[in-house]
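Enquirer: This one is work.cif, mmCIF, C-alpha atoms and all ligand atoms.
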```
data_target
loop_
_atom_site.label_atom_id
_atom_site.label_comp_id
_atom_site.auth_asym_id
_atom_site.auth_seq_id
_atom_site.Cartn_x
_atom_site.Cartn_y
_atom_site.Cartn_z
CA MET F 1 -110.34 93.55 1.89
CA ALA F 2 -106.96 92.28 2.97
CA CYS F 3 -106.16 88.62 2.90
CA VAL F 4 -108.02 86.61 5.59
CA VAL F 5 -107.55 83.09 6.91
CA GLU F 6 -110.25 80.51 7.60
CA THR F 7 -109.43 77.17 9.23
CA VAL F 8 -110.89 73.86 8.07
CA ARG F 9 -111.08 71.33 10.91
CA ALA F 10 -111.46 67.88 9.41
CA ALA F 11 -111.15 64.69 11.46
CA SER F 12 -107.94 64.00 9.56
CA GLY F 13 -106.42 67.37 10.54
CA ALA F 14 -106.81 71.15 10.36
CA TYR F 15 -105.50 73.46 7.64
CA PRO F 16 -105.65 77.15 6.73
CA VAL F 17 -107.47 78.66 3.75
CA HIS F 18 -106.00 82.07 2.83
CA ILE F 19 -108.51 84.21 0.93
CA GLY F 20 -108.16 87.53 -0.90
CA PRO F 21 -105.70 89.45 -3.05
CA GLY F 22 -102.15 88.41 -2.17
CA ALA F 23 -103.09 84.99 -0.77
CA LEU F 24 -100.69 83.47 -3.30
CA ASP F 25 -97.80 84.59 -1.05
CA ALA F 26 -98.91 82.14 1.66
CA ALA F 27 -98.73 79.20 -0.77
CA ALA F 28 -95.43 80.29 -2.31
CA ASP F 29 -93.91 80.83 1.17
CA ALA F 30 -95.07 77.39 2.38
CA ALA F 31 -93.71 75.70 -0.76
CA ALA F 32 -90.40 77.57 -0.42
CA ALA F 33 -90.14 76.47 3.23
CA ALA F 34 -90.73 72.84 2.21
CA ARG F 35 -88.05 73.18 -0.46
CA ARG F 36 -85.57 74.68 2.04
CA ALA F 37 -86.26 71.72 4.32
CA GLY F 38 -85.17 69.43 1.50
CA ALA F 39 -88.55 68.36 0.09
CA GLY F 40 -89.09 68.01 -3.65
CA VAL F 41 -91.85 70.30 -4.97
CA LEU F 42 -93.79 69.59 -8.16
CA THR F 43 -96.43 72.00 -9.46
CA VAL F 44 -99.29 70.98 -11.74
CA VAL F 45 -100.97 73.41 -14.14
CA SER F 46 -103.27 73.26 -17.18
CA PRO F 47 -102.16 74.69 -20.54
CA GLY F 48 -104.66 77.50 -19.98
CA VAL F 49 -103.22 78.47 -16.61
CA ARG F 50 -99.67 78.31 -17.87
CA ALA F 51 -100.61 80.79 -20.61
CA ALA F 52 -102.80 83.06 -18.47
CA LEU F 53 -100.79 83.27 -15.24
CA PRO F 54 -97.07 83.17 -16.12
CA ALA F 55 -96.00 85.20 -13.06
CA ALA F 56 -97.78 82.88 -10.63
CA VAL F 57 -96.38 79.80 -12.38
CA ALA F 58 -92.86 81.27 -12.25
CA ARG F 59 -93.00 81.51 -8.46
CA PHE F 60 -93.43 77.76 -8.19
CA ALA F 61 -91.16 76.94 -11.15
CA ALA F 62 -88.35 78.46 -9.07
CA LEU F 63 -88.89 75.65 -6.53
CA GLY F 64 -89.11 72.58 -8.77
CA PRO F 65 -90.57 71.11 -11.98
CA VAL F 66 -93.88 72.27 -13.43
CA HIS F 67 -96.05 69.53 -14.96
CA VAL F 68 -98.47 70.80 -17.62
CA THR F 69 -101.47 68.54 -18.27
CA ALA F 70 -101.79 67.38 -21.89
CA ALA F 71 -105.49 68.23 -22.09
CA ASP F 72 -107.32 71.25 -20.70
CA GLY F 73 -110.75 71.04 -19.08
CA GLU F 74 -112.73 68.00 -17.98
CA THR F 75 -110.89 65.53 -20.25
CA ALA F 76 -107.70 66.16 -18.23
CA LYS F 77 -109.29 64.26 -15.32
CA SER F 78 -108.35 60.94 -16.91
CA ALA F 79 -106.44 57.79 -15.95
CA ALA F 80 -103.88 58.59 -18.68
CA GLU F 81 -103.21 62.07 -17.24
CA LEU F 82 -102.98 60.59 -13.73
CA ALA F 83 -100.42 58.01 -14.90
CA ALA F 84 -98.39 60.72 -16.65
CA LEU F 85 -98.39 62.75 -13.43
CA TRP F 86 -97.28 59.75 -11.33
CA GLU F 87 -94.39 59.23 -13.77
CA ALA F 88 -93.47 62.92 -13.57
CA LEU F 89 -93.40 62.70 -9.75
CA ALA F 90 -91.20 59.61 -9.88
CA GLY F 91 -89.03 61.18 -12.60
CA ALA F 92 -88.50 64.24 -10.41
CA LYS F 93 -87.57 61.89 -7.54
CA ILE F 94 -90.22 63.35 -5.26
CA GLY F 95 -89.97 61.47 -1.94
CA ARG F 96 -92.36 60.77 0.94
CA ASP F 97 -91.64 64.28 2.26
CA GLY F 98 -92.51 65.78 -1.16
CA LEU F 99 -95.10 68.39 -2.01
CA VAL F 100 -97.56 68.67 -4.90
CA VAL F 101 -98.89 72.14 -5.71
CA ALA F 102 -102.16 72.21 -7.66
CA LEU F 103 -102.23 75.61 -9.41
CA GLY F 104 -105.45 75.76 -11.39
CA GLY F 105 -109.16 75.16 -11.53
CA GLY F 106 -111.12 72.24 -10.14
CA VAL F 107 -109.81 69.93 -12.86
CA VAL F 108 -106.15 70.40 -11.92
CA GLY F 109 -107.09 70.37 -8.22
CA ASP F 110 -108.92 67.04 -8.50
CA LEU F 111 -106.26 65.41 -10.71
CA ALA F 112 -103.20 66.67 -8.82
CA GLY F 113 -104.98 65.98 -5.53
CA PHE F 114 -105.57 62.34 -6.49
CA ALA F 115 -101.94 62.02 -7.62
CA ALA F 116 -100.82 63.44 -4.25
CA ALA F 117 -103.18 61.05 -2.42
CA SER F 118 -101.85 57.98 -4.20
CA TYR F 119 -98.19 58.61 -5.15
CA LEU F 120 -96.04 56.85 -2.51
CA ARG F 121 -99.39 56.26 -0.73
CA GLY F 122 -99.73 59.96 -0.09
CA VAL F 123 -97.62 63.13 -0.18
CA ALA F 124 -98.47 66.68 0.90
CA LEU F 125 -100.70 68.89 -1.24
CA ILE F 126 -101.17 72.64 -1.53
CA GLN F 127 -104.22 73.85 -3.43
CA VAL F 128 -103.93 77.19 -5.26
CA PRO F 129 -107.36 77.53 -6.92
CA THR F 130 -107.47 79.87 -9.93
CA THR F 131 -111.18 79.66 -10.80
CA LEU F 132 -114.03 80.92 -8.65
CA LEU F 133 -115.54 77.43 -8.59
CA ALA F 134 -112.31 75.98 -7.24
CA MET F 135 -112.01 78.78 -4.65
CA VAL F 136 -115.49 78.33 -3.20
CA ASP F 137 -115.81 74.60 -3.61
CA SER F 138 -113.35 72.07 -5.02
CA SER F 139 -110.09 73.20 -3.35
CA VAL F 140 -111.57 72.79 0.13
CA GLY F 141 -112.81 69.54 1.62
CA GLY F 142 -110.37 66.92 0.37
CA LYS F 143 -112.32 65.22 -2.41
CA THR F 144 -109.97 64.32 -5.28
CA GLY F 145 -110.45 62.14 -8.31
CA ILE F 146 -110.67 61.45 -12.00
CA ASN F 147 -113.39 60.48 -14.47
CA LEU F 148 -113.89 57.04 -16.00
CA ALA F 149 -115.54 56.27 -19.33
CA ARG F 150 -118.73 55.42 -17.44
CA GLY F 151 -118.96 58.65 -15.54
CA LYS F 152 -117.51 61.59 -13.65
CA ASN F 153 -115.44 61.29 -10.47
CA LEU F 154 -115.78 57.50 -10.32
CA ALA F 155 -112.23 56.93 -9.03
CA GLY F 156 -110.69 59.06 -6.32
CA ALA F 157 -109.68 59.48 -2.71
CA PHE F 158 -110.17 61.78 0.24
CA HIS F 159 -106.94 63.77 0.69
CA GLN F 160 -107.05 67.03 2.59
CA PRO F 161 -104.58 69.73 1.52
CA ALA F 162 -101.99 71.16 3.92
CA LEU F 163 -102.94 74.69 2.84
CA VAL F 164 -105.29 76.44 0.41
CA ALA F 165 -104.59 79.89 -1.08
CA ALA F 166 -107.52 81.52 -2.88
CA ASP F 167 -105.99 84.67 -4.39
CA THR F 168 -108.76 86.69 -6.04
CA ALA F 169 -106.18 88.63 -8.11
CA LEU F 170 -105.65 85.40 -10.07
CA LEU F 171 -109.26 85.66 -11.30
CA ALA F 172 -108.44 88.71 -13.45
CA THR F 173 -107.69 86.50 -16.46
CA LEU F 174 -110.59 84.08 -15.97
CA PRO F 175 -113.14 84.26 -18.84
CA PRO F 176 -116.43 85.83 -17.63
CA ARG F 177 -118.34 82.65 -18.53
CA GLU F 178 -116.12 80.66 -16.12
CA LEU F 179 -116.55 83.29 -13.40
CA ALA F 180 -120.33 83.09 -13.79
CA ALA F 181 -120.15 79.28 -13.55
CA GLY F 182 -118.46 79.68 -10.16
CA MET F 183 -121.31 81.91 -9.04
CA ALA F 184 -123.69 78.95 -9.41
CA GLU F 185 -121.85 77.27 -6.53
CA VAL F 186 -121.99 80.50 -4.50
CA LEU F 187 -125.77 80.63 -5.02
CA LYS F 188 -125.94 76.97 -3.99
CA TYR F 189 -124.35 77.81 -0.62
CA GLY F 190 -126.77 80.68 -0.05
CA LEU F 191 -129.79 78.56 -0.95
CA LEU F 192 -128.81 75.56 1.13
CA GLY F 193 -127.78 77.27 4.30
CA ASP F 194 -127.35 81.04 4.36
CA ALA F 195 -130.23 83.28 3.30
CA SER F 196 -128.15 86.40 4.05
CA LEU F 197 -125.44 85.24 1.61
CA LEU F 198 -128.17 84.84 -1.02
CA ALA F 199 -129.39 88.37 -0.29
CA GLU F 200 -125.83 89.75 -0.47
CA VAL F 201 -125.29 88.19 -3.90
CA GLU F 202 -128.67 89.46 -5.10
CA SER F 203 -127.89 93.02 -4.07
CA ALA F 204 -124.34 92.93 -5.50
CA GLY F 205 -125.65 92.16 -9.02
CA ARG F 206 -123.45 90.40 -11.55
CA LEU F 207 -120.08 89.93 -9.88
CA SER F 208 -116.77 90.70 -11.56
CA TRP F 209 -113.40 89.36 -10.36
CA ASP F 210 -112.51 92.69 -8.69
CA HIS F 211 -115.88 93.36 -7.06
CA PRO F 212 -115.06 94.45 -3.49
CA THR F 213 -117.51 91.99 -1.96
CA LEU F 214 -116.06 88.93 -3.72
CA PRO F 215 -113.38 87.98 -1.14
CA GLY F 216 -116.00 88.20 1.62
CA ILE F 217 -118.41 86.07 -0.39
CA ILE F 218 -115.71 83.44 -1.00
CA ARG F 219 -114.95 83.46 2.72
CA ARG F 220 -118.58 82.77 3.62
CA CYS F 221 -118.70 79.86 1.18
CA VAL F 222 -115.43 78.41 2.49
CA ARG F 223 -116.68 78.77 6.06
CA MET F 224 -119.87 76.91 5.21
CA LYS F 225 -118.02 74.16 3.36
CA ALA F 226 -115.55 73.88 6.27
CA GLU F 227 -118.42 73.45 8.70
CA VAL F 228 -120.16 70.80 6.61
CA VAL F 229 -116.91 68.92 5.95
CA GLY F 230 -115.91 69.18 9.61
CA ASN F 231 -119.13 67.40 10.60
CA ASP F 232 -119.26 64.81 7.82
CA GLU F 233 -115.83 64.52 6.19
CA ARG F 234 -116.55 61.33 4.26
CA GLU F 235 -120.22 61.94 3.49
CA THR F 236 -121.43 59.12 5.71
CA ALA F 237 -124.29 60.99 7.46
CA ALA F 238 -127.59 59.21 6.77
CA GLU F 239 -129.41 62.50 6.18
CA GLY F 240 -128.17 66.04 5.53
CA GLY F 241 -124.41 66.48 6.09
CA ARG F 242 -122.05 66.73 3.17
CA ALA F 243 -124.70 65.49 0.75
CA LEU F 244 -126.45 68.89 1.10
CA LEU F 245 -123.63 70.35 -1.00
CA ASN F 246 -125.21 68.47 -3.90
CA LEU F 247 -128.15 70.88 -4.09
CA GLY F 248 -128.87 71.30 -7.81
CA HIS F 249 -126.23 68.70 -8.69
CA THR F 250 -128.44 65.63 -9.22
CA PHE F 251 -130.17 67.56 -12.02
CA GLY F 252 -126.92 69.27 -13.05
CA HIS F 253 -124.90 66.07 -13.43
CA ALA F 254 -127.68 64.54 -15.52
CA ILE F 255 -127.73 67.61 -17.79
CA GLU F 256 -123.95 67.40 -18.27
CA ALA F 257 -124.07 63.69 -19.04
CA VAL F 258 -127.01 63.84 -21.47
CA ALA F 259 -125.95 67.04 -23.26
CA GLY F 260 -122.39 65.67 -23.58
CA TYR F 261 -119.58 66.97 -21.40
CA GLY F 262 -118.54 70.44 -22.53
CA ALA F 263 -121.93 71.52 -23.87
CA TYR F 264 -122.62 73.18 -20.53
CA LEU F 265 -119.97 74.26 -18.04
CA HIS F 266 -120.46 72.44 -14.74
CA GLY F 267 -121.62 75.65 -13.07
CA GLU F 268 -124.09 76.35 -15.89
CA ALA F 269 -125.63 72.90 -15.45
CA VAL F 270 -125.77 73.53 -11.69
CA GLY F 271 -127.53 76.88 -12.29
CA ILE F 272 -130.28 75.08 -14.23
CA GLY F 273 -130.22 72.34 -11.58
CA LEU F 274 -130.86 74.90 -8.83
CA ALA F 275 -133.90 76.18 -10.72
CA MET F 276 -135.12 72.59 -11.19
CA ALA F 277 -134.54 71.76 -7.51
CA ALA F 278 -136.59 74.84 -6.61
CA ALA F 279 -139.42 73.73 -8.94
CA LEU F 280 -139.34 70.24 -7.40
CA SER F 281 -139.46 71.73 -3.89
CA ARG F 282 -142.47 73.84 -4.87
CA ASP F 283 -144.25 70.80 -6.32
CA LEU F 284 -143.64 69.00 -3.02
CA GLY F 285 -145.33 71.90 -1.22
CA LEU F 286 -142.15 73.01 0.53
CA ILE F 287 -141.66 76.48 -0.97
CA ALA F 288 -143.85 78.98 -2.80
CA GLU F 289 -143.97 79.94 -6.46
CA ARG F 290 -142.42 83.32 -5.61
CA ASP F 291 -139.43 81.48 -4.11
CA VAL F 292 -138.91 79.64 -7.40
CA ALA F 293 -139.08 82.95 -9.26
CA ARG F 294 -136.46 84.36 -6.89
CA VAL F 295 -134.10 81.44 -7.50
CA VAL F 296 -134.53 81.81 -11.27
CA ALA F 297 -133.87 85.56 -11.07
CA ALA F 298 -130.76 85.09 -8.90
CA VAL F 299 -129.34 82.52 -11.33
CA GLU F 300 -130.05 84.68 -14.38
CA ALA F 301 -128.64 87.82 -12.71
CA GLN F 302 -125.22 86.15 -12.73
CA GLY F 303 -125.45 85.53 -16.48
CA LEU F 304 -126.29 81.85 -15.99
CA PRO F 305 -129.03 79.87 -17.75
CA SER F 306 -132.01 78.81 -15.61
CA ARG F 307 -133.43 76.49 -18.27
CA LEU F 308 -131.95 74.22 -20.93
CA ARG F 309 -130.71 76.10 -24.00
CA ALA F 310 -132.05 73.34 -26.24
CA PRO F 311 -134.47 70.61 -25.14
CA LEU F 312 -133.03 67.35 -23.79
CA ALA F 313 -135.21 64.23 -23.44
CA ALA F 314 -136.70 63.98 -19.95
CA ASP F 315 -136.45 60.16 -20.19
CA ALA F 316 -132.70 60.33 -20.77
CA LEU F 317 -132.27 62.82 -17.91
CA VAL F 318 -134.25 60.61 -15.49
CA ALA F 319 -132.17 57.58 -16.58
CA ALA F 320 -128.96 59.53 -15.95
CA MET F 321 -130.20 60.55 -12.48
CA ARG F 322 -130.84 56.88 -11.65
CA GLN F 323 -127.19 56.16 -12.45
CA ASP F 324 -125.95 58.99 -10.23
CA LYS F 325 -123.49 57.57 -7.74
CA LYS F 326 -125.58 59.05 -4.96
CA ALA F 327 -128.63 57.01 -5.95
CA ARG F 328 -129.31 54.23 -3.45
CA GLY F 329 -130.73 50.96 -4.78
CA GLY F 330 -131.87 52.74 -7.95
CA GLU F 331 -133.82 55.33 -5.93
CA ILE F 332 -132.89 58.90 -6.79
CA ARG F 333 -132.09 61.04 -3.75
CA PHE F 334 -132.62 64.77 -4.06
CA VAL F 335 -131.59 67.76 -2.04
CA VAL F 336 -134.71 69.88 -1.68
CA LEU F 337 -135.33 73.39 -0.36
CA GLU F 338 -137.45 73.69 2.76
CA ALA F 339 -136.98 77.46 2.50
CA LEU F 340 -134.54 79.72 0.64
CA GLY F 341 -131.55 79.21 2.94
CA ARG F 342 -132.48 75.75 4.27
CA ALA F 343 -132.07 72.41 2.47
CA ALA F 344 -132.65 68.74 3.28
CA THR F 345 -131.93 65.40 1.63
CA ARG F 346 -134.97 63.46 0.47
CA GLY F 347 -135.50 59.95 -0.86
CA GLY F 348 -138.80 58.48 -1.99
CA ILE F 349 -139.52 61.25 -4.48
CA GLY F 350 -141.49 59.82 -7.38
CA GLU F 351 -140.17 59.95 -10.90
CA ASP F 352 -143.18 62.02 -11.96
CA ALA F 353 -142.21 64.87 -9.63
CA ALA F 354 -138.65 64.89 -10.97
CA ARG F 355 -140.00 64.81 -14.53
CA ARG F 356 -142.26 67.82 -13.89
CA ALA F 357 -139.27 69.83 -12.64
CA LEU F 358 -137.28 68.87 -15.74
CA LEU F 359 -140.12 69.81 -18.09
CA ALA F 360 -140.60 73.14 -16.31
CA HIS F 361 -137.03 74.11 -17.21
CA GLY F 362 -136.67 73.13 -20.82
CA ALA F 363 -136.65 69.32 -21.02
CA ALA F 364 -138.90 67.63 -23.56
N1 LIG K 401 -113.32 68.08 -5.42
C1 LIG K 401 -114.45 68.70 -5.23
O1 LIG K 401 -114.97 68.78 -4.10
C2 LIG K 401 -115.11 69.36 -6.39
C3 LIG K 401 -116.20 70.24 -6.17
C4 LIG K 401 -116.77 70.89 -7.27
C5 LIG K 401 -116.27 70.66 -8.55
N2 LIG K 401 -115.21 69.80 -8.73
C6 LIG K 401 -114.66 69.56 -10.07
O2 LIG K 401 -114.13 70.78 -10.57
C7 LIG K 401 -114.05 70.68 -11.98
C8 LIG K 401 -114.41 71.99 -12.62
O3 LIG K 401 -113.50 72.97 -12.21
P1 LIG K 401 -113.43 74.40 -12.91
O4 LIG K 401 -114.79 74.89 -13.14
O5 LIG K 401 -112.50 75.19 -12.10
O6 LIG K 401 -112.86 74.07 -14.37
P2 LIG K 401 -111.35 73.93 -14.95
O7 LIG K 401 -110.42 73.49 -13.91
O8 LIG K 401 -111.46 73.13 -16.19
O9 LIG K 401 -110.99 75.43 -15.35
C9 LIG K 401 -111.74 76.06 -16.36
C10 LIG K 401 -110.84 76.60 -17.49
O10 LIG K 401 -110.25 77.82 -17.06
C11 LIG K 401 -108.83 77.79 -17.24
N3 LIG K 401 -108.34 78.61 -16.16
C12 LIG K 401 -108.26 78.30 -14.84
N4 LIG K 401 -107.89 79.36 -14.12
C13 LIG K 401 -107.72 80.38 -15.00
C14 LIG K 401 -107.36 81.74 -14.84
N5 LIG K 401 -107.15 82.30 -13.63
N6 LIG K 401 -107.27 82.50 -15.95
C15 LIG K 401 -107.53 81.98 -17.18
N7 LIG K 401 -107.90 80.69 -17.37
C16 LIG K 401 -107.99 79.91 -16.29
C17 LIG K 401 -108.49 76.33 -17.19
O11 LIG K 401 -107.28 76.05 -17.89
C18 LIG K 401 -109.69 75.70 -17.88
O12 LIG K 401 -109.55 75.77 -19.28
C19 LIG K 401 -114.97 69.53 -12.38
O13 LIG K 401 -114.19 68.44 -12.83
C20 LIG K 401 -115.67 69.15 -11.09
O14 LIG K 401 -115.97 67.77 -11.00
C21 LIG K 401 -114.65 69.15 -7.68
#
```
Represent the structure contained in this file as structure tokens.
Ligand SMILES: NC(=O)c1ccc[n+]([C@@H]2O[C@H](COP(=O)([O-])OP(=O)(O)OC[C@H]3O[C@@H](n4cnc5c(N)ncnc54)[C@H](O)[C@@H]3O)[C@@H](O)[C@H]2O)c1

Expert:
Amino acid sequence: MACVVETVRAASGAYPVHIGPGALDAAADAAAAARRAGAGVLTVVSPGVRAALPAAVARFAALGPVHVTAADGETAKSAAELAALWEALAGAKIGRDGLVVALGGGVVGDLAGFAAASYLRGVALIQVPTTLLAMVDSSVGGKTGINLARGKNLAGAFHQPALVAADTALLATLPPRELAAGMAEVLKYGLLGDASLLAEVESAGRLSWDHPTLPGIIRRCVRMKAEVVGNDERETAAEGGRALLNLGHTFGHAIEAVAGYGAYLHGEAVGIGLAMAAALSRDLGLIAERDVARVVAAVEAQGLPSRLRAPLAADALVAAMRQDKKARGGEIRFVVLEALGRAATRGGIGEDAARRALLAHGAA
């Protein structure tokens, strides 16, 4: 498939998302045009991306400084890394007309995005996602942020990019475990709103970076995220809306927090969370046992776990869910499945029901 363009229409403005092999050209061309117009351009990468994708990095290095984060992975989303990035922007004399290019996974996208949102009260941002997770999820929609000691993504801002370029050729160097983690988010989209996407992923089997259907699958996810974000940019809808994108994430975030960040990749925790959300939905009488089995099989077919690798205490997981920033007044809110391909937000779900879902997938 050649490169295609989707448009995200947020209340704060519209922007293109280029998808497919060669999409990198669109980002490099836009950055070069900004540079020709006199803007300063600073590119942010992780140590891993600098090592894995030297040719892509070189295209942006030709336009301005490249800032390499000190840490790699989740710990790079810190206040210290943000401060270092602000200083790098000031040191490079990036002005109000400047441009930040986030070349990397969701970590670099969230960190560089927050720096772009806050430096000089906001400069332009181009997202060049290099992981599948970042392509289908984090690079689109404008959420940026860092972690605090007390939890993930507790400080941040909404800052939509000017352009997103999801070049699937950049996935060639991504470790298979990271690619699989991205597939958890793809399955999430299918389960929450597109049964035919779910079926397409099921029939494709385990996806590799060069699978011919991958660009089309990314496009469907981006389209769905664009639609949800277009209707509820700041997640203010009382029911449904952007919160639906959290399917599997209330369980997943709790697993990450209790197991210790790094024990499970985010996508792996989400894969287990999807299976748990399916079990909860079955216990609430919304879907059938065979639907749960189908969710478990779809998760496992991508090489993802559908249950905890080692037991975690259900009490600790429930406590972590109560602290989730989406909890309201201490009440845990879940995204449940009304069918495979249709989700809804639900409050008022008793702790016992959540506990049963946890126990069914490896908690103790
Ligand atoms: N803003 C949002 O809406 C949103 C949505 C979902 C997730 N997120 C955030 O995304 C983050 C996770 O992102 P991630 O899964 O992309 O992890 P990541 O950014 O840590 O990348 C994973 C690893 O792969 C390396 N890497 C990246 N691209 C590579 C490539 N092409 N080849 C070789 N190595 C490469 C990175 O250096 C890193 O070590 C989390 O912090 C999560 O909170 C944000």

Enquirer: Write out as a VMD selection string which residues come within 7 Å of stretch 142-145 of chain F when counting only C-alpha atoms, dropping same-chain ones fewer than 2 positions away.

Expert: chain F and resid 110 to 111 113 to 114 140 153 155 to 161

Enquirer: Mind checking which residues fall within 8 Å of stretch 44-50 of chain F, counting all atoms listed in the file, ignoring those fewer than 6 positions away in the same chain, and posting them as a list in words?

Expert: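 My list of contacting residues is Val57, Val66, His67, Val68, Thr69, Ala70, Ala71, Asp72, Val100, Val101, Ala102, Leu103, Gly104, Val108 and Ala112 of chain F.
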
Enquirer: Can you list, as a count of residues only, every protein, DNA or RNA residue that comes within 7 Å of F:Val5 when you count only C-alpha atoms, leaving out same-chain residues fewer than 5 positions away?

Expert: 4

Enquirer: From the list F:Ala360, F:Ala263, F:Ile332, F:Ala184, which residue is nearest F:Ala301 when using only C-alpha atoms?

Expert: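 Ranked by minimum distance to F:Ala301, first place goes to F:Ala184.
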
Enquirer: Can you work out which one of F:Ser196, F:Thr131, F:Thr7, F:Ser281 has the shortest atom-to-atom distance to ligand LIG 401 (chain K), counting only C-alpha atoms and all ligand atoms?

Expert: F:Thr131

Enquirer: Name the residues in contact with F:Ala277 at a cut-off of 8 Å, using all atoms listed in the file, excluding same-chain residues fewer than 6 positions from it; report them as an mmCIF file with C-alpha atoms, in the coordinates of the input.

Expert:
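Resulting contents of part27.cif:
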```
data_model
loop_
_atom_site.group_PDB
_atom_site.id
_atom_site.type_symbol
_atom_site.label_atom_id
_atom_site.label_comp_id
_atom_site.auth_asym_id
_atom_site.auth_seq_id
_atom_site.Cartn_x
_atom_site.Cartn_y
_atom_site.Cartn_z
ATOM 1 C CA LEU F 247 -128.150 70.880 -4.090
ATOM 2 C CA GLY F 248 -128.870 71.300 -7.810
ATOM 3 C CA PHE F 251 -130.170 67.560 -12.020
ATOM 4 C CA VAL F 335 -131.590 67.760 -2.040
ATOM 5 C CA VAL F 336 -134.710 69.880 -1.680
ATOM 6 C CA LEU F 337 -135.330 73.390 -0.360
ATOM 7 C CA ALA F 357 -139.270 69.830 -12.640
#
```

Enquirer: Can you report as AutoDock Vina command-line options the centre and edge lengths in Å, to one decimal, of an axis-aligned box around the listed atoms of ligand LIG 401 (chain K) padded with 8 Å on each side?

Expert:
```
--center_x -112.0 --center_y 75.1 --center_z -11.7 --size_x 25.6 --size_y 30.7 --size_z 31.2
```

Enquirer: Find, counting all atoms listed in the file, the residue in F:Asp232, F:Asp29, F:Glu268, F:Asp97 that gets nearest to ligand LIG 401 (chain K).

Expert: F:Glu268

Enquirer: For a cut-off of 10 Å around (-99.9, 82.0, 2.4), file coordinates, pick out all residues using all atoms listed in the file and list them as a PyMOL selection string.

Expert: chain F and resi 3-5+16-19+22-31+128+163-167

Enquirer: Counting all atoms listed in the file, which of F:Asn246, F:Gln323, F:Ser203, F:Thr213 gets nearest to ligand LIG 401 (chain K)?

Expert: F:Asn246

Enquirer: Nearest residue to F:Met224 out of F:Val8, F:Ala52, F:Leu359, F:Ala199, using all atoms listed in the file?

Expert: F:Val8

Enquirer: Quick one: residues within 12 Å of F:Asp194, only C-alpha atoms, excluding same-chain residues fewer than 3 positions away - as a list of chain:residue names?

Expert: F:Val186, F:Leu187, F:Lys188, F:Tyr189, F:Gly190, F:Leu191, F:Leu197, F:Leu198, F:Ala199, F:Glu200, F:Val201, F:Ile217, F:Arg220, F:Cys221, F:Arg223, F:Met224, F:Lys225, F:Ala339, F:Leu340, F:Gly341, F:Arg342, F:Ala343

Enquirer: As an exercise, work out the distance from atom CA of F:Lys93 to atom CA of F:Leu42 in Å and give it to one decimal place.

Expert: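 The value is 9.9 Å.
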
Enquirer: For atom C13 of ligand LIG 401 (chain K) and atom CA of F:Phe60, quote the distance in Å rounded to one decimal.

Expert: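 Atom CA of F:Phe60 lies 16.0 Å from atom C13 of ligand LIG 401 (chain K).
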
Enquirer: Go through F:Ala226, F:Ala293, F:Ala88, F:Ala62 one by one, measure the shortest atom-to-atom distance of each to F:Ser138 using all atoms listed in the file, and give the residue with the smallest value.

Expert: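 For F:Ser138, the nearest of the given residues is F:Ala226.
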
Enquirer: If you measure from atom CA of F:Gly303 to atom CA of F:Glu6, what distance in Å do you get, rounded to one decimal?

Expert: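 The value is 28.9 Å.
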